file structure.txt (compact mmCIF, C-alpha atoms)
# COMPACT_ATOMS: atom_id res chain seq x y z
CA MET W 22 102.11 96.70 140.51
CA SER W 23 104.13 94.22 138.52
CA GLU W 24 106.47 94.05 135.56
CA SER W 25 104.92 90.80 134.40
CA ILE W 26 101.25 90.87 133.51
CA GLN W 27 100.16 87.25 133.44
CA VAL W 28 97.17 84.98 133.80
CA SER W 29 96.36 81.30 133.50
CA ALA W 30 93.44 81.08 131.09
CA PRO W 31 90.62 78.61 131.77
CA SER W 32 90.89 75.54 129.58
CA LYS W 33 87.32 75.84 128.29
CA LEU W 34 87.18 79.60 127.98
CA ARG W 35 84.67 80.65 125.32
CA TRP W 36 86.43 83.21 123.19
CA LEU W 37 85.16 82.60 119.61
CA THR W 38 82.03 84.72 119.99
CA ARG W 39 79.83 85.99 117.16
CA ASN W 40 81.67 89.29 117.08
CA VAL W 41 85.12 87.70 117.16
CA PHE W 42 84.13 85.55 114.16
CA ALA W 43 82.49 88.45 112.31
CA ILE W 44 85.44 90.78 112.91
CA GLY W 45 87.77 88.01 111.76
CA MET W 46 85.78 87.72 108.51
CA LEU W 47 85.86 91.50 108.10
CA SER W 48 89.64 91.42 108.36
CA LEU W 49 89.91 88.46 105.98
CA PHE W 50 87.95 90.04 103.13
CA SER W 51 89.19 93.57 103.74
CA ASP W 52 92.80 92.48 103.62
CA THR W 53 92.18 90.33 100.55
CA GLY W 54 91.18 93.47 98.67
CA HIS W 55 93.84 95.65 100.27
CA GLU W 56 96.72 93.23 99.71
CA LEU W 57 95.61 92.44 96.16
CA THR W 58 96.18 96.09 95.30
CA THR W 59 99.25 96.49 97.53
CA ALA W 60 101.06 93.51 95.97
CA ILE W 61 101.01 95.01 92.48
CA LEU W 62 101.34 98.67 93.52
CA PRO W 63 105.18 98.70 93.21
CA LEU W 64 104.90 97.19 89.69
CA PHE W 65 102.15 99.62 88.68
CA LEU W 66 104.08 102.56 90.10
CA GLN W 67 107.08 101.76 87.90
CA SER W 68 104.95 102.51 84.83
CA PHE W 69 104.79 106.13 86.07
CA GLY W 70 108.52 106.28 86.76
CA GLY W 71 108.03 106.20 90.53
CA GLY W 72 110.61 104.66 92.84
CA ALA W 73 111.28 104.38 96.56
CA ILE W 74 110.43 108.04 97.23
CA ALA W 75 107.07 107.81 95.44
CA LEU W 76 106.22 104.55 97.17
CA GLY W 77 107.33 105.83 100.55
CA THR W 78 105.26 108.99 100.01
CA ILE W 79 102.15 106.99 99.08
CA GLU W 80 102.49 104.78 102.14
CA GLY W 81 103.38 107.64 104.48
CA VAL W 82 100.63 110.02 103.35
CA SER W 83 98.14 107.16 103.53
CA ASP W 84 99.09 106.44 107.13
CA ALA W 85 98.95 110.14 108.03
CA SER W 86 95.50 110.54 106.47
CA SER W 87 94.23 107.53 108.40
CA SER W 88 95.30 109.20 111.63
CA LEU W 89 93.02 112.18 110.95
CA LEU W 90 89.94 110.25 112.07
CA LYS W 91 91.45 107.59 114.32
CA MET W 92 91.47 109.67 117.45
CA TRP W 93 88.19 111.48 116.94
CA MET W 94 86.15 108.48 115.76
CA SER W 95 87.38 106.20 118.53
CA HIS W 96 86.67 108.88 121.15
CA TYR W 97 83.25 109.49 119.57
CA SER W 98 82.41 105.78 119.83
CA ASP W 99 83.13 105.95 123.58
CA ARG W 100 80.98 109.04 123.84
CA VAL W 101 77.87 107.75 122.02
CA GLY W 102 78.24 104.14 123.18
CA LYS W 103 78.02 102.74 119.63
CA ARG W 104 80.74 101.30 117.40
CA LYS W 105 78.95 99.53 114.51
CA PRO W 106 77.96 102.62 112.42
CA ILE W 107 81.60 103.72 112.34
CA LEU W 108 82.67 100.26 111.20
CA ILE W 109 80.20 100.33 108.31
CA PHE W 110 81.43 103.77 107.19
CA GLY W 111 85.06 102.73 107.50
CA TYR W 112 84.78 99.56 105.44
CA LEU W 113 82.70 101.32 102.80
CA VAL W 114 85.34 104.01 102.23
CA THR W 115 88.24 101.52 102.35
CA ALA W 116 86.66 99.59 99.45
CA LEU W 117 87.56 102.52 97.16
CA MET W 118 91.05 101.08 96.62
CA GLY W 119 89.78 99.52 93.39
CA CYS W 120 89.70 103.03 91.90
CA PHE W 121 93.45 102.63 91.31
CA ALA W 122 92.33 101.15 87.99
CA PHE W 123 91.40 104.61 86.71
CA VAL W 124 94.49 106.71 87.59
CA THR W 125 96.75 108.33 85.01
CA ARG W 126 99.34 109.96 87.35
CA TRP W 127 101.09 108.61 90.44
CA TRP W 128 99.87 111.49 92.60
CA GLN W 129 96.33 110.22 91.96
CA LEU W 130 97.37 107.00 93.66
CA VAL W 131 98.29 109.10 96.68
CA ALA W 132 94.86 110.77 96.72
CA ILE W 133 92.85 107.54 96.39
CA ARG W 134 94.98 105.69 98.93
CA ALA W 135 94.66 108.62 101.36
CA ILE W 136 90.84 108.63 101.06
CA ALA W 137 90.68 104.85 101.51
CA TRP W 138 92.97 105.08 104.52
CA ILE W 139 90.71 107.68 106.12
CA GLY W 140 88.11 104.93 106.21
CA ARG W 141 90.66 102.52 107.59
CA GLY W 142 91.61 105.04 110.27
CA ALA W 143 87.97 105.52 111.22
CA ARG W 144 87.28 101.82 111.67
CA GLY W 145 90.56 100.40 113.01
CA PRO W 146 90.61 101.52 116.66
CA VAL W 147 86.81 101.17 116.91
CA ARG W 148 87.03 97.58 115.64
CA ASP W 149 89.80 96.85 118.17
CA ALA W 150 87.74 98.28 121.04
CA LEU W 151 84.69 96.23 120.02
CA LEU W 152 86.84 93.10 119.73
CA ALA W 153 88.32 93.64 123.20
CA GLU W 154 84.80 94.07 124.60
CA SER W 155 83.54 90.88 122.92
CA VAL W 156 85.63 88.42 124.98
CA PRO W 157 86.70 87.95 128.61
CA ALA W 158 89.95 89.71 129.53
CA GLU W 159 91.70 86.34 129.83
CA ALA W 160 91.16 85.76 126.08
CA HIS W 161 92.42 89.05 124.64
CA GLY W 162 95.50 87.37 123.15
CA ARG W 163 93.45 84.68 121.43
CA ALA W 164 90.85 87.10 120.09
CA PHE W 165 93.44 89.47 118.64
CA GLY W 166 95.55 86.54 117.44
CA PHE W 167 92.53 85.11 115.59
CA GLU W 168 91.70 88.49 114.04
CA THR W 169 95.31 88.93 112.96
CA ALA W 170 95.39 85.40 111.52
CA MET W 171 92.22 86.03 109.48
CA ASP W 172 93.62 89.38 108.37
CA THR W 173 96.70 87.58 107.16
CA VAL W 174 94.80 84.81 105.39
CA GLY W 175 93.38 87.69 103.37
CA ALA W 176 96.91 88.98 102.94
CA ILE W 177 97.78 85.62 101.38
CA LEU W 178 94.71 85.36 99.16
CA GLY W 179 95.04 88.91 97.80
CA PRO W 180 98.63 88.63 96.53
CA ALA W 181 97.97 85.03 95.36
CA ILE W 182 95.10 86.28 93.19
CA ALA W 183 97.31 89.09 91.89
CA LEU W 184 100.19 86.69 91.19
CA SER W 185 97.95 84.33 89.23
CA LEU W 186 96.75 87.21 87.04
CA ILE W 187 100.03 89.07 86.35
CA GLY W 188 100.78 88.74 82.66
CA ILE W 189 97.27 87.42 81.94
CA ILE W 190 95.22 90.57 82.42
CA SER W 191 96.34 94.16 82.87
CA LEU W 192 97.25 95.55 86.28
CA ARG W 193 94.33 97.95 86.00
CA HIS W 194 91.88 95.06 85.66
CA ILE W 195 93.45 93.36 88.68
CA PHE W 196 92.72 96.49 90.69
CA LEU W 197 89.06 96.27 89.70
CA ILE W 198 88.77 92.80 91.24
CA SER W 199 89.41 94.30 94.68
CA PHE W 200 85.89 95.79 94.63
CA ILE W 201 84.47 92.29 95.24
CA PRO W 202 85.99 91.58 98.69
CA GLY W 203 85.50 95.26 99.56
CA SER W 204 81.75 94.93 98.99
CA ILE W 205 81.61 91.75 101.10
CA THR W 206 83.14 93.58 104.08
CA VAL W 207 80.37 96.17 104.00
CA LEU W 208 77.71 93.43 104.05
CA ILE W 209 79.42 91.67 106.97
CA ALA W 210 79.62 94.92 108.94
CA ILE W 211 75.91 95.54 108.37
CA PHE W 212 74.49 92.06 108.96
CA LEU W 213 76.91 90.07 111.15
CA VAL W 214 78.59 92.49 113.55
CA LYS W 215 76.63 93.12 116.74
CA ASP W 216 77.08 96.29 118.77
CA ILE W 217 77.63 95.68 122.48
CA ALA W 218 75.30 97.75 124.63
CA ARG W 219 77.22 100.49 126.40
CA ALA W 220 75.97 103.54 128.23
CA PRO W 221 76.58 106.79 126.31
CA GLN W 222 79.04 109.22 127.92
CA PRO W 223 77.98 112.56 126.42
CA HIS W 224 80.08 114.47 128.93
CA LEU W 225 83.36 113.11 127.51
CA GLU W 226 85.74 115.63 125.96
CA ILE W 227 88.56 114.36 123.82
CA TRP W 228 91.45 116.17 125.53
CA GLY W 229 90.14 115.34 128.96
CA SER W 230 89.75 111.70 127.92
CA LEU W 231 93.34 111.60 126.67
CA ARG W 232 94.66 113.11 129.89
CA ALA W 233 92.68 110.56 131.88
CA LEU W 234 94.33 107.56 130.19
CA PRO W 235 96.59 105.59 132.59
CA LYS W 236 100.19 106.82 132.82
CA SER W 237 101.46 103.30 132.27
CA PHE W 238 99.55 103.20 128.98
CA TRP W 239 101.20 106.43 127.80
CA ARG W 240 104.64 104.98 128.60
CA TYR W 241 103.69 101.96 126.53
CA VAL W 242 102.57 104.22 123.67
CA SER W 243 105.98 105.95 123.84
CA ALA W 244 107.73 102.63 123.19
CA VAL W 245 105.33 101.91 120.32
CA GLY W 246 106.06 105.36 118.89
CA ILE W 247 109.84 104.89 118.94
CA PHE W 248 109.48 101.57 117.16
CA GLY W 249 107.03 103.11 114.69
CA LEU W 250 109.57 105.73 113.62
CA GLY W 251 111.60 102.93 112.04
CA ASN W 252 108.80 100.59 111.00
CA PHE W 253 108.56 101.28 107.26
CA ALA W 254 105.98 99.82 104.87
CA HIS W 255 106.74 96.33 103.61
CA THR W 256 106.01 97.34 100.04
CA LEU W 257 109.55 98.75 100.11
CA LEU W 258 110.81 95.21 100.68
CA VAL W 259 108.93 94.05 97.59
CA LEU W 260 110.30 96.98 95.58
CA ARG W 261 113.87 96.18 96.66
CA ALA W 262 113.49 92.49 95.85
CA VAL W 263 112.13 93.29 92.37
CA VAL W 264 114.98 95.74 91.70
CA LEU W 265 117.57 93.15 92.78
CA LEU W 266 116.07 90.33 90.74
CA THR W 267 115.20 92.19 87.51
CA PRO W 268 118.71 92.20 85.94
CA ARG W 269 118.96 88.43 86.38
CA TYR W 270 115.41 87.28 85.65
CA GLY W 271 113.74 90.10 83.68
CA ALA W 272 111.01 92.49 84.78
CA VAL W 273 107.99 90.14 84.54
CA THR W 274 109.63 87.19 86.31
CA ALA W 275 111.19 89.46 88.95
CA GLY W 276 107.77 91.01 89.56
CA ARG W 277 106.24 87.59 90.08
CA MET W 278 109.08 86.59 92.41
CA GLY W 279 108.59 89.77 94.43
CA VAL W 280 104.88 89.02 94.84
CA ALA W 281 105.69 85.37 95.67
CA LEU W 282 108.09 86.47 98.41
CA TYR W 283 105.38 88.76 99.76
CA ILE W 284 102.96 85.82 99.82
CA LEU W 285 105.56 83.80 101.76
CA HIS W 286 105.79 86.70 104.22
CA ASN W 287 102.02 86.63 104.66
CA VAL W 288 101.84 82.84 105.06
CA ILE W 289 104.28 83.06 107.97
CA TYR W 290 102.35 86.05 109.32
CA ALA W 291 99.09 84.07 109.26
CA ALA W 292 100.62 80.91 110.72
CA ILE W 293 102.18 82.63 113.72
CA SER W 294 99.46 85.12 114.71
CA TYR W 295 97.06 82.90 116.67
CA PRO W 296 99.76 80.79 118.42
CA ILE W 297 101.41 84.05 119.51
CA GLY W 298 98.08 85.24 120.88
CA VAL W 299 97.70 82.03 122.91
CA LEU W 300 101.28 82.37 124.16
CA GLY W 301 100.62 85.98 125.16
CA ASP W 302 97.58 84.96 127.23
CA ARG W 303 99.66 82.36 129.06
CA THR W 304 102.98 84.16 129.55
CA ASN W 305 104.21 87.75 129.18
CA LYS W 306 102.86 89.94 126.35
CA LYS W 307 105.42 92.68 126.94
CA ARG W 308 108.48 90.48 126.43
CA ILE W 309 106.97 88.80 123.37
CA LEU W 310 106.26 92.20 121.80
CA ALA W 311 109.77 93.49 122.58
CA THR W 312 111.19 90.39 120.88
CA GLY W 313 109.06 91.15 117.82
CA TYR W 314 110.46 94.68 117.68
CA ALA W 315 114.01 93.29 117.86
CA LEU W 316 113.30 90.86 115.01
CA PHE W 317 112.44 93.81 112.76
CA GLY W 318 115.87 95.30 113.43
CA LEU W 319 117.50 91.97 112.58
CA MET W 320 115.52 91.77 109.35
CA CYS W 321 116.79 95.24 108.35
CA VAL W 322 120.39 94.18 108.94
CA LEU W 323 120.00 91.06 106.79
CA PHE W 324 118.33 93.00 103.99
CA MET W 325 121.34 95.30 103.69
CA TYR W 326 123.14 92.58 101.75
CA ASN W 327 122.97 93.21 98.01
CA THR W 328 122.02 89.70 96.97
CA THR W 329 119.91 87.91 94.35
CA ASN W 330 120.06 84.68 96.34
CA LEU W 331 116.43 83.61 96.70
CA VAL W 332 117.14 81.70 99.92
CA VAL W 333 118.52 84.84 101.61
CA LEU W 334 115.64 86.93 100.33
CA ALA W 335 113.18 84.29 101.56
CA ILE W 336 114.76 84.41 105.05
CA VAL W 337 114.30 88.20 105.12
CA PHE W 338 110.64 87.93 104.18
CA ILE W 339 110.11 85.08 106.70
CA LEU W 340 111.57 87.23 109.49
CA ALA W 341 109.31 90.08 108.38
CA GLY W 342 106.32 87.74 108.60
CA ILE W 343 107.28 86.55 112.09
CA TYR W 344 107.81 90.06 113.43
CA ILE W 345 104.55 91.45 112.03
CA GLY W 346 102.58 88.48 113.37
CA ILE W 347 103.97 89.18 116.83
CA VAL W 348 103.49 92.94 116.67
CA ASP W 349 99.97 92.97 115.24
CA SER W 350 98.71 90.45 117.82
CA MET W 351 100.54 91.66 120.91
CA GLU W 352 100.41 95.47 120.50
CA ARG W 353 96.64 95.58 120.63
CA ALA W 354 96.19 92.74 123.12
CA LEU W 355 98.60 94.40 125.58
CA ALA W 356 96.79 97.72 125.10
CA ALA W 357 93.50 96.04 126.05
CA ASP W 358 95.09 94.87 129.31
CA LEU W 359 96.23 98.40 130.15
CA LEU W 360 92.98 100.25 129.39
CA PRO W 361 89.80 100.47 131.50
CA LEU W 362 86.65 99.44 129.60
CA SER W 363 85.28 103.00 129.51
CA GLN W 364 88.47 104.34 127.87
CA ARG W 365 89.24 101.66 125.30
CA GLY W 366 87.97 103.59 122.29
CA THR W 367 90.04 106.65 123.16
CA GLY W 368 93.04 104.51 124.12
CA TYR W 369 93.03 102.57 120.87
CA GLY W 370 92.65 105.84 118.99
CA ALA W 371 95.73 107.24 120.72
CA LEU W 372 97.71 104.08 119.99
CA ALA W 373 96.64 104.03 116.34
CA THR W 374 97.39 107.74 115.87
CA VAL W 375 100.91 107.38 117.25
CA ASN W 376 101.43 104.36 114.98
CA SER W 377 100.17 106.29 111.96
CA PHE W 378 102.46 109.27 112.43
CA GLY W 379 105.36 106.91 113.07
CA ASP W 380 104.55 105.10 109.82
CA LEU W 381 104.30 108.42 107.98
CA LEU W 382 107.73 109.58 109.09
CA SER W 383 109.40 106.19 108.75
CA SER W 384 108.08 105.45 105.25
CA ILE W 385 109.04 108.89 103.92
CA LEU W 386 112.43 109.07 105.70
CA VAL W 387 113.42 105.53 104.77
CA GLY W 388 112.31 106.19 101.19
CA LEU W 389 114.37 109.41 101.02
CA LEU W 390 117.47 107.83 102.55
CA TRP W 391 117.03 104.80 100.31
CA ASN W 392 116.80 106.89 97.15
CA ARG W 393 119.08 109.87 97.90
CA VAL W 394 121.83 108.17 99.96
CA SER W 395 121.61 104.37 99.76
CA TYR W 396 119.29 101.57 100.70
CA THR W 397 121.81 100.70 103.44
CA ALA W 398 121.31 104.13 105.01
CA GLY W 399 117.54 103.70 105.01
CA LEU W 400 117.71 100.24 106.54
CA SER W 401 120.30 101.35 109.14
CA TYR W 402 118.01 104.15 110.28
CA ALA W 403 115.09 101.71 110.57
CA ALA W 404 117.16 99.12 112.45
CA VAL W 405 118.40 101.62 115.06
CA LEU W 406 114.92 103.04 115.81
CA THR W 407 113.21 99.67 116.05
CA LEU W 408 115.92 98.26 118.33
CA CYS W 409 115.57 101.35 120.56
CA GLY W 410 111.83 100.66 120.76
CA SER W 411 112.57 97.07 121.77
CA ILE W 412 114.95 98.16 124.54
CA PHE W 413 112.45 100.74 125.82
CA LEU W 414 109.78 98.05 126.00
CA PHE W 415 112.06 95.57 127.79
CA VAL W 416 112.86 98.05 130.59
CA TRP W 417 109.32 99.46 130.91
CA LYS W 418 107.40 98.26 133.98
CA PRO W 419 103.63 98.08 133.42
CA GLN W 420 101.30 99.24 136.15
CA ARG W 421 97.84 97.82 136.69
CA PHE W 422 95.00 100.32 136.63
CA ASP W 423 92.27 100.20 139.30
CA GLY W 424 89.93 97.30 138.62
CA PHE W 425 92.40 95.61 136.25
CA THR W 426 91.20 92.12 135.33
CA GLY W 427 93.23 91.39 132.19
CA SER W 428 96.24 89.28 131.52
call {"tool": "encode", "arguments": {"input": "structure.txt", "output": "structure tokens"}}
result
Amino acid sequence: MSESIQVSAPSKLRWLTRNVFAIGMLSLFSDTGHELTTAILPLFLQSFGGGAIALGTIEGVSDASSSLLKMWMSHYSDRVGKRKPILIFGYLVTALMGCFAFVTRWWQLVAIRAIAWIGRGARGPVRDALLAESVPAEAHGRAFGFETAMDTVGAILGPAIALSLIGIISLRHIFLISFIPGSITVLIAIFLVKDIARAPQPHLEIWGSLRALPKSFWRYVSAVGIFGLGNFAHTLLVLRAVVLLTPRYGAVTAGRMGVALYILHNVIYAAISYPIGVLGDRTNKKRILATGYALFGLMCVLFMYNTTNLVVLAIVFILAGIYIGIVDSMERALAADLLPLSQRGTGYGALATVNSFGDLLSSILVGLLWNRVSYTAGLSYAAVLTLCGSIFLFVWKPQRFDGFTGS
């Protein structure tokens, strides 16, 4: 039993396996399509008269819908011993985001995003379990850091494509372009991803599997849940930046600046993800993750200032990029270290479900406070919850499960 979970990784450890590469490419192309649509969603929503509440509702309902299948699909993959078919289904459904091009009411955006996020919910924890199984335990940080970095390269390419097309073609036509990377992800899932042979466990029952997860893992999930209650969607940052900049620069230029700031956020996110994964393998994942949670709280405090100064806004988006790079790499890598091999699907499903419901509540509550009280109230709520999650994580003492071999 130890508070610090550490390991010294071998210098020539082979971690870039076929599956790690394939899953990285899945994340790259999937996020290219996802972020292409996400970057222009706040601009498109304004044409329907939607504001922070509408955007928060879209993001929150999407996250809630994704949670509907996260737990069951991940448990099912443990039970049948196969993960690849679920990945193919998930990426196929997620590619439907391009249907935004055909909506005429903002509630239709909610419906399409919810359906697409069901696919995302089905594939996310299963992908994470397969990724954890595709490398030695000593390389979990690097594998998840690489996947996060590729995911974020897509998060740069998507908004960059959108930015280059704003004002040249309609927003609806930009949405249609997202079908291209979405189709590529389906082909990668079919032809490049390799299922790892695992014995089926037909006796597994979902509630029994959840109860059997290590107690230390559930304490960890509690910290993640507290943080998640304040971790609102970053599209709200883009919306706020556009609102601040529009009176000074005009709607079109402010829209482009908002997307440009989001690209900056994603560049930082991509740049930091793999180095953080390496650092996590060599030092202490828990403390790194707690620091990432605290950075989110700091970002909220800075964003309370009502400023059109591009340098200040850039600092906010840079901090957001740093924090998300830390959180996306370390949350899942630390979970892999806390879960036995036979329970990883169920464990990742539990983690993802808690995250989804946290995102649902945070996006809607922050959106309501933002719109009905003030943006300061929404950001204050988010800052308090995320800092509480950081403190919880700092004081939590991980326990090794029997047969623990991870970092």
call {"tool": "atom_distance", "arguments": {"input": "structure.txt", "atom1": "CA of Leu408 (chain W)", "atom2": "CA of Asn252 (chain W)"}}
result
10.5 Å
call {"tool": "residues_around", "arguments": {"input": "structure.txt", "residues": "Ser185 (chain W)", "least_positions_apart": "5", "cutoff": "10 Å", "atoms": "all atoms listed in the file", "output": "number ranges by chain"}}
result
W: 180, 190, 277
call {"tool": "write_last_selection", "arguments": {"input": "structure.txt", "atoms": "C-alpha atoms", "output": "tab-separated table (two decimals), in the frame of the given file"}}
result
chain	number	residue	atom	x	y	z
W	180	PRO	CA	98.63	88.63	96.53
W	190	ILE	CA	95.22	90.57	82.42
W	277	ARG	CA	106.24	87.59	90.08
call {"tool": "residues_around", "arguments": {"input": "structure.txt", "residues": "Arg39 (chain W)", "least_positions_apart": "3", "cutoff": "12 Å", "atoms": "all atoms listed in the file", "output": "list in words"}}
result
Arg35, Trp36, Phe42, Ala43, Ile44, Gly45, Met46, Leu151, Leu152, Ser155, Val156, Ala164, Ile209, Phe212, Leu213, Val214, Lys215, Asp216 and Ile217 of chain W
call {"tool": "closest_residue", "arguments": {"input": "structure.txt", "among": "W:Leu66, W:Ala233, W:Leu117, W:Ala150", "to": "Ser51 (chain W)", "atoms": "all atoms listed in the file"}}
result
W:Leu117
call {"tool": "residues_around", "arguments": {"input": "structure.txt", "residues": "Ala132 (chain W)", "least_positions_apart": "2", "cutoff": "12 Å", "atoms": "all atoms listed in the file", "output": "ChimeraX atom specification"}}
result
/W:78-83,86,117-118,120-121,124,126-130,134-139
call {"tool": "closest_residue", "arguments": {"input": "structure.txt", "among": "W:Pro221, W:Gly279, W:Gly229, W:Gly346", "to": "Leu316 (chain W)", "atoms": "all atoms listed in the file"}}
result
W:Gly346
call {"tool": "atom_distance", "arguments": {"input": "structure.txt", "atom1": "CA of Asn376 (chain W)", "atom2": "CA of Glu168 (chain W)"}}
result
18.6 Å
call {"tool": "closest_residue", "arguments": {"input": "structure.txt", "among": "W:Gly140, W:Pro146, W:Gly410, W:Pro268", "to": "Thr328 (chain W)", "atoms": "only C-alpha atoms"}}
result
W:Pro268
call {"tool": "residues_around", "arguments": {"input": "structure.txt", "residues": "Gly119 (chain W)", "least_positions_apart": "2", "cutoff": "7 Å", "atoms": "all atoms listed in the file", "output": "ChimeraX atom specification"}}
result
/W:116-117,121-122,196-197,199-200
call {"tool": "closest_residue", "arguments": {"input": "structure.txt", "among": "W:Leu372, W:Leu113, W:Ile385, W:Ala292", "to": "Tyr344 (chain W)", "atoms": "only C-alpha atoms"}}
result
W:Ala292
call {"tool": "closest_residue", "arguments": {"input": "structure.txt", "among": "W:Ala170, W:Met320, W:Ile107, W:Leu64", "to": "Val41 (chain W)", "atoms": "all atoms listed in the file"}}
result
W:Ala170
call {"tool": "residues_around", "arguments": {"input": "structure.txt", "residues": "Thr312 (chain W)", "least_positions_apart": "3", "cutoff": "9 Å", "atoms": "all atoms listed in the file", "output": "list in words"}}
result
Lys307, Arg308, Ile309, Ala315, Leu316, Phe317, Tyr344, Ile347, Ser411 and Phe415 of chain W
call {"tool": "atom_distance", "arguments": {"input": "structure.txt", "atom1": "CA of Ser383 (chain W)", "atom2": "CA of Leu400 (chain W)"}}
result
10.5 Å
call {"tool": "closest_residue", "arguments": {"input": "structure.txt", "among": "W:Ala218, W:Ile205, W:Met278, W:Cys321", "to": "Ala335 (chain W)", "atoms": "only C-alpha atoms"}}
result
W:Met278
call {"tool": "residues_near_point", "arguments": {"input": "structure.txt", "point": "(95.3, 111.3, 112.9)", "cutoff": "12 Å", "atoms": "all atoms listed in the file", "output": "PyMOL selection string"}}
result
chain W and resi 82-95+135+138-143+145-146+370-381
call {"tool": "residues_near_point", "arguments": {"input": "structure.txt", "point": "(116.4, 86.9, 100.1)", "cutoff": "12 Å", "atoms": "all atoms listed in the file", "output": "ChimeraX atom specification"}}
result
/W:258-259,261-263,265-266,278-279,281-283,285-286,320-321,323-341
call {"tool": "axis_aligned_box", "arguments": {"input": "structure.txt", "around": "region 312-327 of chain W", "padding_each_side": "5 Å", "output": "AutoDock Vina command-line options"}}
result
--center_x 116.1 --center_y 92.8 --center_z 109.4 --size_x 24.1 --size_y 14.9 --size_z 32.9
